[in-house]
>>> print(open('query18.tsv').read())   # TSV, C-alpha atoms
chain	number	residue	atom	x	y	z
A	150	MET	CA	0.00	0.00	0.00
A	151	ARG	CA	1.30	3.42	-0.97
A	152	ILE	CA	0.70	5.72	2.01
A	153	GLY	CA	1.05	9.48	1.63
A	154	LEU	CA	1.14	12.42	4.03
A	155	VAL	CA	-0.25	15.86	3.20
A	156	ILE	CA	0.25	19.00	5.26
A	157	ASP	CA	-1.01	22.50	4.60
A	158	ALA	CA	1.58	25.21	4.02
A	159	ALA	CA	0.91	26.74	7.44
A	160	CYS	CA	2.88	23.81	8.89
A	161	ASP	CA	6.46	25.02	9.31
A	162	LEU	CA	8.43	21.97	8.26
A	163	PRO	CA	11.97	22.40	6.91
A	164	ALA	CA	12.23	21.83	3.16
A	165	SER	CA	14.81	19.09	3.76
A	166	ILE	CA	12.31	17.02	5.79
A	167	ILE	CA	9.53	17.60	3.25
A	168	ARG	CA	11.83	16.43	0.48
A	169	ASP	CA	13.35	13.50	2.38
A	170	TYR	CA	9.99	12.03	3.45
A	171	ARG	CA	8.14	12.97	0.23
A	172	ILE	CA	5.54	14.98	2.14
A	173	GLU	CA	2.94	16.73	0.01
A	174	VAL	CA	2.16	20.40	0.71
A	175	MET	CA	-1.28	21.92	0.22
A	176	PRO	CA	-0.81	25.63	-0.68
A	177	VAL	CA	-2.35	28.35	1.50
A	178	ALA	CA	-3.06	31.86	0.22
A	179	VAL	CA	-2.36	35.03	2.21
A	180	GLN	CA	-4.14	38.30	1.41
A	181	ILE	CA	-2.35	41.55	2.35
A	182	GLY	CA	-4.32	44.50	1.02
A	183	ASP	CA	-4.35	44.06	-2.77
A	184	LEU	CA	-1.41	41.65	-2.62
A	185	LYS	CA	-2.13	37.93	-2.70
A	186	ILE	CA	0.67	35.49	-1.88
A	187	ILE	CA	0.45	31.75	-2.42
A	188	ASP	CA	2.42	30.01	0.30
A	189	ASN	CA	3.88	26.70	-0.92
A	190	ASN	CA	6.35	26.34	1.97
A	191	ASP	CA	9.15	27.42	-0.38
A	192	PRO	CA	12.28	28.54	1.56
A	193	GLU	CA	13.34	31.21	-0.95
A	194	ALA	CA	9.86	32.73	-1.15
A	195	THR	CA	9.62	32.74	2.65
A	196	ALA	CA	13.01	34.42	3.02
A	197	ALA	CA	11.98	37.09	0.47
A	198	PHE	CA	8.73	37.64	2.39
A	199	TYR	CA	10.65	38.46	5.57
A	200	ARG	CA	13.17	40.67	3.75
A	201	ASN	CA	10.44	42.79	2.20
A	202	PHE	CA	7.77	42.13	4.87
A	203	PRO	CA	4.65	43.68	3.29
A	204	VAL	CA	2.44	43.12	6.38
A	205	LYS	CA	1.89	46.33	8.32
A	206	SER	CA	0.43	46.17	11.84
A	207	GLY	CA	-1.41	42.91	11.38
A	208	SER	CA	-3.03	43.97	8.09
A	209	GLY	CA	-2.90	40.52	6.44
A	210	ASP	CA	-4.97	37.38	6.68
A	211	SER	CA	-4.73	33.82	5.43
A	212	LEU	CA	-7.37	32.39	3.12
A	213	PRO	CA	-8.25	28.78	3.95
A	214	THR	CA	-7.77	26.37	1.08
A	215	SER	CA	-11.24	25.88	-0.39
A	216	VAL	CA	-13.21	22.66	-0.77
A	217	ASP	CA	-12.79	22.80	-4.56
A	218	GLU	CA	-9.03	23.41	-4.32
A	219	ILE	CA	-8.54	20.44	-1.98
A	220	ARG	CA	-10.76	18.23	-4.13
A	221	ALA	CA	-8.83	19.14	-7.29
A	222	ALA	CA	-5.44	18.52	-5.66
A	223	PHE	CA	-6.51	15.03	-4.60
A	224	LEU	CA	-8.29	13.99	-7.81
A	225	ASP	CA	-5.63	15.40	-10.16
A	226	HIS	CA	-2.62	14.02	-8.31
A	227	LEU	CA	-2.90	12.36	-4.91
A	228	VAL	CA	-5.40	9.61	-5.75
A	229	LEU	CA	-3.00	8.52	-8.51
A	230	GLU	CA	0.17	8.60	-6.41
A	231	TYR	CA	-1.16	6.94	-3.25
A	232	ASP	CA	-3.65	4.38	-2.02
A	233	PHE	CA	-4.08	5.92	1.43
A	234	VAL	CA	-3.47	9.56	2.38
A	235	PHE	CA	-3.34	11.28	5.75
A	236	PHE	CA	-4.15	15.00	5.52
A	237	LEU	CA	-2.83	16.62	8.70
A	238	THR	CA	-4.33	20.11	8.92
A	239	THR	CA	-3.69	23.21	10.98
A	240	ALA	CA	-5.76	23.67	14.15
A	241	SER	CA	-9.48	23.54	13.37
A	242	SER	CA	-10.10	26.26	15.96
A	243	ARG	CA	-7.99	28.71	13.93
A	244	SER	CA	-8.67	27.76	10.31
A	245	LYS	CA	-11.40	26.30	8.11
A	246	ILE	CA	-8.95	24.03	6.27
A	247	TYR	CA	-9.92	21.04	8.44
A	248	ASP	CA	-13.65	21.51	7.81
A	249	ASN	CA	-13.06	22.15	4.10
A	250	ALA	CA	-10.98	18.99	3.82
A	251	LEU	CA	-13.73	16.94	5.45
A	252	HIS	CA	-16.27	18.31	2.97
A	253	ALA	CA	-13.89	17.74	0.05
A	254	SER	CA	-13.33	14.13	1.09
A	255	LEU	CA	-16.96	13.28	0.26
A	256	GLY	CA	-16.48	14.27	-3.38
A	257	ILE	CA	-13.03	12.71	-3.57
A	258	ILE	CA	-14.18	9.31	-2.35
A	259	SER	CA	-17.15	9.32	-4.76
A	260	GLU	CA	-15.05	10.31	-7.80
A	261	TYR	CA	-11.59	8.76	-7.37
A	262	LYS	CA	-12.42	5.45	-9.11
A	263	THR	CA	-12.91	7.14	-12.48
A	264	ARG	CA	-9.55	8.91	-12.21
A	265	ARG	CA	-7.69	5.77	-11.15
A	266	MET	CA	-9.29	3.58	-13.83
A	267	ALA	CA	-8.32	6.11	-16.51
A	268	ALA	CA	-4.73	5.88	-15.27
A	269	GLY	CA	-4.80	2.09	-15.27
A	270	LEU	CA	-4.84	1.78	-11.49
A	271	SER	CA	-6.89	-0.75	-9.60
A	272	GLY	CA	-7.80	-0.95	-5.95
A	273	SER	CA	-9.41	1.51	-3.58
A	274	PHE	CA	-8.29	4.90	-2.28
A	275	VAL	CA	-8.76	6.04	1.31
A	276	MET	CA	-8.08	9.40	2.98
A	277	ARG	CA	-8.08	10.47	6.60
A	278	VAL	CA	-8.36	14.13	7.60
A	279	ILE	CA	-6.74	14.70	10.97
A	280	ASP	CA	-6.84	17.90	13.01
A	281	SER	CA	-3.30	18.59	14.29
A	282	GLN	CA	-4.83	20.87	16.97
A	283	ALA	CA	-1.62	22.92	16.57
A	284	LEU	CA	-0.25	25.91	14.70
A	285	PHE	CA	2.84	26.66	12.64
A	286	GLY	CA	5.90	24.75	13.87
A	287	ALA	CA	3.88	22.76	16.40
A	288	GLN	CA	2.18	20.99	13.49
A	289	ALA	CA	5.58	19.63	12.52
A	290	ILE	CA	5.88	17.31	15.52
A	291	SER	CA	2.91	15.16	14.48
A	292	ALA	CA	3.89	15.37	10.81
A	293	ILE	CA	7.39	14.06	11.47
A	294	GLU	CA	6.03	11.21	13.59
A	295	ALA	CA	3.59	10.21	10.83
A	296	ALA	CA	6.28	10.46	8.14
A	297	ARG	CA	8.64	8.24	10.13
A	298	MET	CA	5.95	5.64	10.69
A	299	ILE	CA	5.12	5.60	6.99
A	300	ARG	CA	8.79	5.01	6.18
A	301	ALA	CA	8.88	2.20	8.77
A	302	ASP	CA	5.97	0.48	6.93
A	303	ALA	CA	3.44	0.99	9.72
A	304	THR	CA	-0.17	0.29	8.80
A	305	PRO	CA	-2.69	3.13	8.41
A	306	ALA	CA	-4.45	1.94	11.57
A	307	GLN	CA	-1.20	2.06	13.55
A	308	ILE	CA	-0.40	5.57	12.25
A	309	GLU	CA	-3.88	6.90	13.00
A	310	THR	CA	-3.87	5.44	16.50
A	311	ARG	CA	-0.46	6.93	17.23
A	312	LEU	CA	-1.48	10.38	15.96
A	313	ASN	CA	-4.65	10.36	18.04
A	314	GLU	CA	-2.55	9.55	21.11
A	315	LEU	CA	0.19	12.08	20.36
A	316	ILE	CA	-1.65	15.17	19.12
A	317	PRO	CA	-3.22	16.19	22.49
A	318	HIS	CA	0.30	16.31	23.97
A	319	VAL	CA	1.97	18.49	21.31
A	320	TYR	CA	2.87	21.91	22.70
A	321	GLY	CA	3.97	25.03	20.89
A	322	TYR	CA	5.35	28.08	22.71
A	323	ILE	CA	5.79	31.37	20.84
A	324	VAL	CA	7.31	34.72	21.83
A	325	PRO	CA	6.39	37.54	19.41
A	326	ASN	CA	8.37	40.76	19.45
A	327	ASP	CA	5.92	43.18	17.80
A	328	LEU	CA	3.03	43.48	20.25
A	329	VAL	CA	1.17	45.96	18.03
A	330	HIS	CA	1.22	43.51	15.13
A	331	VAL	CA	-0.08	40.63	17.23
A	332	PHE	CA	-2.80	42.76	18.82
A	333	GLN	CA	-4.02	44.18	15.49
A	334	ALA	CA	-3.94	40.78	13.76
A	335	ALA	CA	-6.00	39.23	16.57
A	336	LYS	CA	-8.39	42.18	16.54
A	337	ARG	CA	-8.98	41.67	12.82
A	338	ARG	CA	-10.03	38.11	13.61
A	339	GLY	CA	-12.36	39.36	16.34
A	340	GLU	CA	-10.31	37.85	19.14
A	341	PRO	CA	-7.98	40.34	20.91
A	342	PRO	CA	-5.44	38.40	23.01
A	343	THR	CA	-5.75	40.86	25.88
A	344	GLY	CA	-7.65	43.97	26.87
A	345	PRO	CA	-6.53	47.38	25.56
A	346	LEU	CA	-5.40	48.53	29.02
A	347	ARG	CA	-3.18	45.48	29.60
A	348	PHE	CA	-1.89	45.85	26.05
A	349	LEU	CA	-0.90	49.48	26.74
A	350	PHE	CA	0.96	48.56	29.94
A	351	ALA	CA	2.72	45.69	28.19
A	352	ARG	CA	3.96	48.08	25.51
A	353	LEU	CA	5.15	50.64	28.05
A	354	LEU	CA	7.02	48.02	30.11
A	355	ASP	CA	8.32	46.13	27.04
A	356	VAL	CA	6.67	42.90	28.19
A	357	LYS	CA	6.54	40.11	25.63
A	358	PRO	CA	3.80	37.49	25.94
A	359	VAL	CA	4.58	33.79	25.87
A	360	LEU	CA	1.82	32.25	23.77
A	361	ARG	CA	0.99	28.56	24.01
A	362	ILE	CA	-0.92	26.41	21.53
A	363	VAL	CA	-2.12	22.99	22.68
A	364	ARG	CA	-5.34	21.03	22.04
A	365	ASN	CA	-6.73	23.70	19.71
A	366	THR	CA	-6.34	26.42	22.35
A	367	LEU	CA	-4.10	29.48	21.96
A	368	GLY	CA	-3.44	31.78	24.89
A	369	ALA	CA	-0.82	33.68	26.85
A	370	VAL	CA	0.77	31.72	29.71
A	371	ALA	CA	3.36	34.29	30.82
A	372	GLY	CA	4.73	37.77	30.22
A	373	LEU	CA	8.48	38.39	30.18
A	374	ARG	CA	10.28	41.71	29.96
A	375	LYS	CA	12.56	42.35	26.98
A	376	PHE	CA	12.56	40.20	23.87
A	377	GLU	CA	16.11	38.89	24.32
A	378	HIS	CA	15.42	37.81	27.91
A	379	ALA	CA	12.14	36.17	26.88
A	380	ASN	CA	13.92	34.14	24.18
A	381	THR	CA	16.63	33.00	26.58
A	382	ARG	CA	14.02	31.98	29.14
A	383	LEU	CA	12.10	30.09	26.46
A	384	PHE	CA	15.22	28.10	25.54
A	385	ARG	CA	15.93	27.35	29.21
A	386	PHE	CA	12.39	26.06	29.55
A	387	GLY	CA	13.05	23.89	26.50
A	388	VAL	CA	16.13	22.42	28.19
A	389	GLU	CA	14.01	21.64	31.25
A	390	ARG	CA	11.40	19.84	29.11
A	391	ILE	CA	14.04	17.79	27.30
A	392	LYS	CA	15.58	16.70	30.59
A	393	ALA	CA	12.14	15.85	31.99
A	394	GLY	CA	11.47	13.56	29.02
A	395	LEU	CA	9.61	13.95	25.72
A	396	LEU	CA	7.05	11.71	24.04
A	397	THR	CA	8.91	11.78	20.70
A	398	PRO	CA	12.67	12.27	20.14
A	399	VAL	CA	12.13	15.57	18.31
A	400	PHE	CA	12.36	19.17	19.52
A	401	GLY	CA	11.59	22.05	17.15
A	402	VAL	CA	12.89	25.63	17.18
A	403	GLY	CA	11.47	28.19	14.77
A	404	TYR	CA	12.29	31.79	13.91
A	405	ALA	CA	10.40	34.39	11.87
A	406	GLY	CA	12.88	36.70	10.18
A	407	ASP	CA	16.54	36.39	9.18
A	408	PHE	CA	16.98	32.67	9.77
A	409	SER	CA	20.76	32.99	10.10
A	410	ARG	CA	20.21	34.65	13.50
A	411	ILE	CA	18.66	31.62	15.16
A	412	GLU	CA	21.90	30.01	16.35
A	413	LYS	CA	23.12	33.33	17.76
A	414	ILE	CA	20.22	33.70	20.21
A	415	PRO	CA	21.49	33.30	23.80
A	416	GLY	CA	20.53	29.90	25.14
A	417	PHE	CA	20.42	28.13	21.79
A	418	ALA	CA	23.78	26.42	22.28
A	419	GLU	CA	22.66	25.04	25.66
A	420	LEU	CA	19.44	23.80	24.09
A	421	ARG	CA	21.36	22.03	21.34
A	422	GLU	CA	23.66	20.39	23.89
A	423	ALA	CA	20.71	19.20	25.99
A	424	ALA	CA	19.04	17.71	22.90
A	425	ALA	CA	22.23	15.88	21.86
A	426	ALA	CA	22.74	14.52	25.39
A	427	ALA	CA	19.18	13.14	25.40
A	428	SER	CA	19.41	11.73	21.82
A	429	VAL	CA	16.70	14.18	20.74
A	430	GLU	CA	16.76	15.51	17.18
A	431	LEU	CA	16.81	19.32	17.19
A	432	VAL	CA	14.88	20.55	14.15
A	433	THR	CA	15.24	24.23	13.26
A	434	PHE	CA	12.85	25.85	10.82
A	435	GLN	CA	12.00	29.16	9.28
A	436	MET	CA	8.52	30.16	10.43
A	437	GLY	CA	6.41	30.45	7.32
A	438	ILE	CA	4.46	33.20	5.57
A	439	VAL	CA	1.22	32.41	7.40
A	440	ALA	CA	3.00	32.60	10.78
A	441	GLY	CA	4.66	35.89	9.86
A	442	THR	CA	1.37	37.36	8.71
A	443	TYR	CA	-0.22	36.77	12.11
A	444	LEU	CA	2.77	37.15	14.43
A	445	GLY	CA	5.05	39.63	12.66
A	446	LYS	CA	8.85	39.51	12.37
A	447	ASP	CA	11.42	38.51	14.99
A	448	VAL	CA	9.35	35.73	16.52
A	449	ILE	CA	10.87	32.74	18.29
A	450	GLY	CA	9.05	29.48	18.90
A	451	ILE	CA	9.69	26.05	20.37
A	452	THR	CA	7.64	22.89	20.04
A	453	PHE	CA	7.67	19.35	21.39
A	454	ALA	CA	5.44	16.51	22.58
A	455	ALA	CA	5.42	15.99	26.34
A	456	PRO	CA	3.26	15.04	29.33
A	457	ASP	CA	1.13	17.84	30.79
A	458	HIS	CA	3.17	20.58	32.43
A	459	LYS	CA	3.17	24.28	33.25
A	460	PHE	CA	5.35	27.04	31.84
A	461	ARG	CA	7.67	28.32	34.54
>>> encode(input="query18.tsv", output="structure tokens")
Amino acid sequence: MRIGLVIDAACDLPASIIRDYRIEVMPVAVQIGDLKIIDNNDPEATAAFYRNFPVKSGSGDSLPTSVDEIRAAFLDHLVLEYDFVFFLTTASSRSKIYDNALHASLGIISEYKTRRMAAGLSGSFVMRVIDSQALFGAQAISAIEAARMIRADATPAQIETRLNELIPHVYGYIVPNDLVHVFQAAKRRGEPPTGPLRFLFARLLDVKPVLRIVRNTLGAVAGLRKFEHANTRLFRFGVERIKAGLLTPVFGVGYAGDFSRIEKIPGFAELREAAAAASVELVTFQMGIVAGTYLGKDVIGITFAAPDHKFR
């Protein structure tokens, strides 16, 4: 059985992993004023986006991949390349991609036989749409686990069971630098992350929020003064989590902006040493266009799968 894995472009996986595991990427469009950008998770396009950075004060928004777009991608390509496909989507609480994929699956399952017969293929085609319950780099943890299981010839049932067990324990922590951008972007979505008065005090005191995404819930779990200090504290917290034990041997670190800066952030070297000592793969990734649109530039994030815990 040929098993495939599809992610949407909001999932911040490094291009090397996408290429190595033959992961398929579903494009996501971003609308910024009159400018429309199609995000294909292309490293060069992402780097150019951050160099030019056309998003001003949270003025952009992502456009969820439509039912027709998903249906066409599957019927024109995926039903011919694979016999079983897992579509791991961004958090359903933050995007309509999950719901659109579920609706598209009805048409795909009813029409795939004609496409496969025309290509001389026999046998059935099955797809599973799975809500990652995560955002941006945090989606990558479940995607890497699924990709590794596919390579190890696990059955679809084994992969689905493992993902259902793992996903509720995938955590993403994000520290944005531009509080105005984050506030305005959330306000555009009708969900300000904090009240205007607290927002004003945070700006005056240069307090950066630590945002956490887990189980389809995004919220602030701490406020730390100064961006550099907040990043260092985030990495120290990452070291603590690695030493406490993870549920998969992968730890992700993402950055939105000039990606060459990531290894120069204080605390990164200690994080890398802790990962190596624990035989944990440290995956670094450029946060994508969708992440930058909502969070702005100079954003640091970490992600991992672990038992329940509190940010300290």
>>> residues_around(input="query18.tsv", residues="Arg297 (chain A)", least_positions_apart="3", cutoff="12 Å", atoms="all atoms listed in the file", output="VMD selection string")
chain A and resid 152 to 154 166 to 167 169 to 172 290 to 294 300 to 304 308 311 to 312 397 to 399
>>> closest_residue(input="query18.tsv", among="A:Ile246, A:Ala221, A:Leu444, A:Ile451", to="Val329 (chain A)", atoms="only C-alpha atoms")
A:Leu444
>>> residues_around(input="query18.tsv", residues="Arg364 (chain A)", least_positions_apart="5", cutoff="12 Å", atoms="only C-alpha atoms", output="list in words")
Thr239, Ala240, Ser241, Ser242, Arg243, Asp280, Ser281, Gln282, Ala283, Leu284, Ala287, Gln288, Asn313, Glu314, Leu315, Ile316, Pro317, His318, Val319, Tyr320, Gly321, Ala454 and Asp457 of chain A
>>> residues_near_point(input="query18.tsv", point="(1.8, 19.5, 4.1)", cutoff="6 Å", atoms="only C-alpha atoms", output="list in words")
Val155, Ile156, Asp157, Ala158, Glu173, Val174 and Met175 of chain A
>>> write_last_selection(input="query18.tsv", atoms="C-alpha atoms", output="mmCIF file, in the coordinates of the input")
data_model
loop_
_atom_site.group_PDB
_atom_site.id
_atom_site.type_symbol
_atom_site.label_atom_id
_atom_site.label_comp_id
_atom_site.auth_asym_id
_atom_site.auth_seq_id
_atom_site.Cartn_x
_atom_site.Cartn_y
_atom_site.Cartn_z
ATOM 1 C CA VAL A 155 -0.250 15.860 3.200
ATOM 2 C CA ILE A 156 0.250 19.000 5.260
ATOM 3 C CA ASP A 157 -1.010 22.500 4.600
ATOM 4 C CA ALA A 158 1.580 25.210 4.020
ATOM 5 C CA GLU A 173 2.940 16.730 0.010
ATOM 6 C CA VAL A 174 2.160 20.400 0.710
ATOM 7 C CA MET A 175 -1.280 21.920 0.220
#
>>> closest_residue(input="query18.tsv", among="A:Ala296, A:Ala426, A:Val439, A:Leu396", to="Asn190 (chain A)", atoms="all atoms listed in the file")
A:Val439
>>> residues_around(input="query18.tsv", residues="Leu251 (chain A)", least_positions_apart="4", cutoff="9 Å", atoms="all atoms listed in the file", output="VMD selection string")
chain A and resid 216 246 to 247 255 277 to 278
>>> atom_distance(input="query18.tsv", atom1="CA of Glu377 (chain A)", atom2="CA of Val359 (chain A)")
12.7 Å
>>> closest_residue(input="query18.tsv", among="A:Val331, A:His378, A:Gly450, A:Tyr322", to="Thr366 (chain A)", atoms="only C-alpha atoms")
A:Tyr322
>>> closest_residue(input="query18.tsv", among="A:Ile279, A:Ala369, A:Val363, A:Ala393", to="Ala427 (chain A)", atoms="only C-alpha atoms")
A:Ala393
>>> residues_near_point(input="query18.tsv", point="(0.3, 26.4, 4.4)", cutoff="6 Å", atoms="only C-alpha atoms", output="list of chain:residue names")
A:Asp157, A:Ala158, A:Ala159, A:Cys160, A:Pro176, A:Val177, A:Asp188
>>> build_atoms(input="query18.tsv", residues="region 205-233 of chain A", atoms="N, CA and C atoms", output="short mmCIF file (atom, residue, chain, number, x, y, z; two decimals), in the coordinates of the input")
data_model
loop_
_atom_site.label_atom_id
_atom_site.label_comp_id
_atom_site.auth_asym_id
_atom_site.auth_seq_id
_atom_site.Cartn_x
_atom_site.Cartn_y
_atom_site.Cartn_z
N LYS A 205 1.76 45.19 7.42
CA LYS A 205 1.89 46.33 8.32
C LYS A 205 0.83 46.26 9.42
N SER A 206 1.31 46.15 10.66
CA SER A 206 0.43 46.17 11.84
C SER A 206 -0.72 45.18 11.72
N GLY A 207 -0.40 43.95 11.39
CA GLY A 207 -1.41 42.91 11.38
C GLY A 207 -2.45 43.06 10.29
N SER A 208 -2.06 43.65 9.15
CA SER A 208 -3.03 43.97 8.09
C SER A 208 -3.35 42.79 7.18
N GLY A 209 -2.68 41.65 7.33
CA GLY A 209 -2.90 40.52 6.44
C GLY A 209 -3.76 39.45 7.06
N ASP A 210 -4.16 38.50 6.22
CA ASP A 210 -4.97 37.38 6.68
C ASP A 210 -4.76 36.21 5.74
N SER A 211 -4.84 35.00 6.28
CA SER A 211 -4.73 33.82 5.43
C SER A 211 -6.11 33.45 4.90
N LEU A 212 -6.13 32.83 3.73
CA LEU A 212 -7.37 32.39 3.12
C LEU A 212 -7.37 30.86 3.13
N PRO A 213 -8.27 30.25 3.87
CA PRO A 213 -8.25 28.78 3.95
C PRO A 213 -8.43 28.14 2.59
N THR A 214 -7.66 27.10 2.33
CA THR A 214 -7.77 26.37 1.08
C THR A 214 -9.21 25.87 0.93
N SER A 215 -9.81 26.15 -0.21
CA SER A 215 -11.24 25.88 -0.39
C SER A 215 -11.51 24.40 -0.62
N VAL A 216 -12.79 24.03 -0.51
CA VAL A 216 -13.21 22.66 -0.77
C VAL A 216 -12.84 22.25 -2.18
N ASP A 217 -13.08 23.12 -3.16
CA ASP A 217 -12.79 22.80 -4.56
C ASP A 217 -11.29 22.65 -4.80
N GLU A 218 -10.49 23.49 -4.16
CA GLU A 218 -9.03 23.41 -4.32
C GLU A 218 -8.49 22.10 -3.75
N ILE A 219 -8.98 21.70 -2.59
CA ILE A 219 -8.54 20.44 -1.98
C ILE A 219 -8.99 19.26 -2.85
N ARG A 220 -10.22 19.31 -3.29
CA ARG A 220 -10.76 18.23 -4.13
C ARG A 220 -9.94 18.08 -5.40
N ALA A 221 -9.60 19.20 -6.05
CA ALA A 221 -8.83 19.14 -7.29
C ALA A 221 -7.43 18.58 -7.05
N ALA A 222 -6.80 19.00 -5.96
CA ALA A 222 -5.44 18.52 -5.66
C ALA A 222 -5.42 17.00 -5.47
N PHE A 223 -6.45 16.48 -4.82
CA PHE A 223 -6.51 15.03 -4.60
C PHE A 223 -6.83 14.29 -5.90
N LEU A 224 -7.86 14.72 -6.62
CA LEU A 224 -8.29 13.99 -7.81
C LEU A 224 -7.29 14.09 -8.95
N ASP A 225 -6.58 15.21 -9.06
CA ASP A 225 -5.63 15.40 -10.16
C ASP A 225 -4.28 14.74 -9.89
N HIS A 226 -3.97 14.49 -8.62
CA HIS A 226 -2.62 14.02 -8.31
C HIS A 226 -2.58 12.93 -7.23
N LEU A 227 -3.13 13.22 -6.07
CA LEU A 227 -2.90 12.36 -4.91
C LEU A 227 -3.57 10.99 -5.03
N VAL A 228 -4.75 10.91 -5.63
CA VAL A 228 -5.40 9.61 -5.75
C VAL A 228 -4.66 8.70 -6.74
N LEU A 229 -3.79 9.30 -7.56
CA LEU A 229 -3.00 8.52 -8.51
C LEU A 229 -1.66 8.09 -7.93
N GLU A 230 -1.14 8.88 -6.99
CA GLU A 230 0.17 8.60 -6.41
C GLU A 230 0.10 7.68 -5.19
N TYR A 231 -1.05 7.67 -4.52
CA TYR A 231 -1.16 6.94 -3.25
C TYR A 231 -2.45 6.13 -3.20
N ASP A 232 -2.45 5.16 -2.29
CA ASP A 232 -3.65 4.38 -2.02
C ASP A 232 -4.33 4.82 -0.73
N PHE A 233 -3.56 5.44 0.14
CA PHE A 233 -4.08 5.92 1.43
C PHE A 233 -3.34 7.22 1.76
#
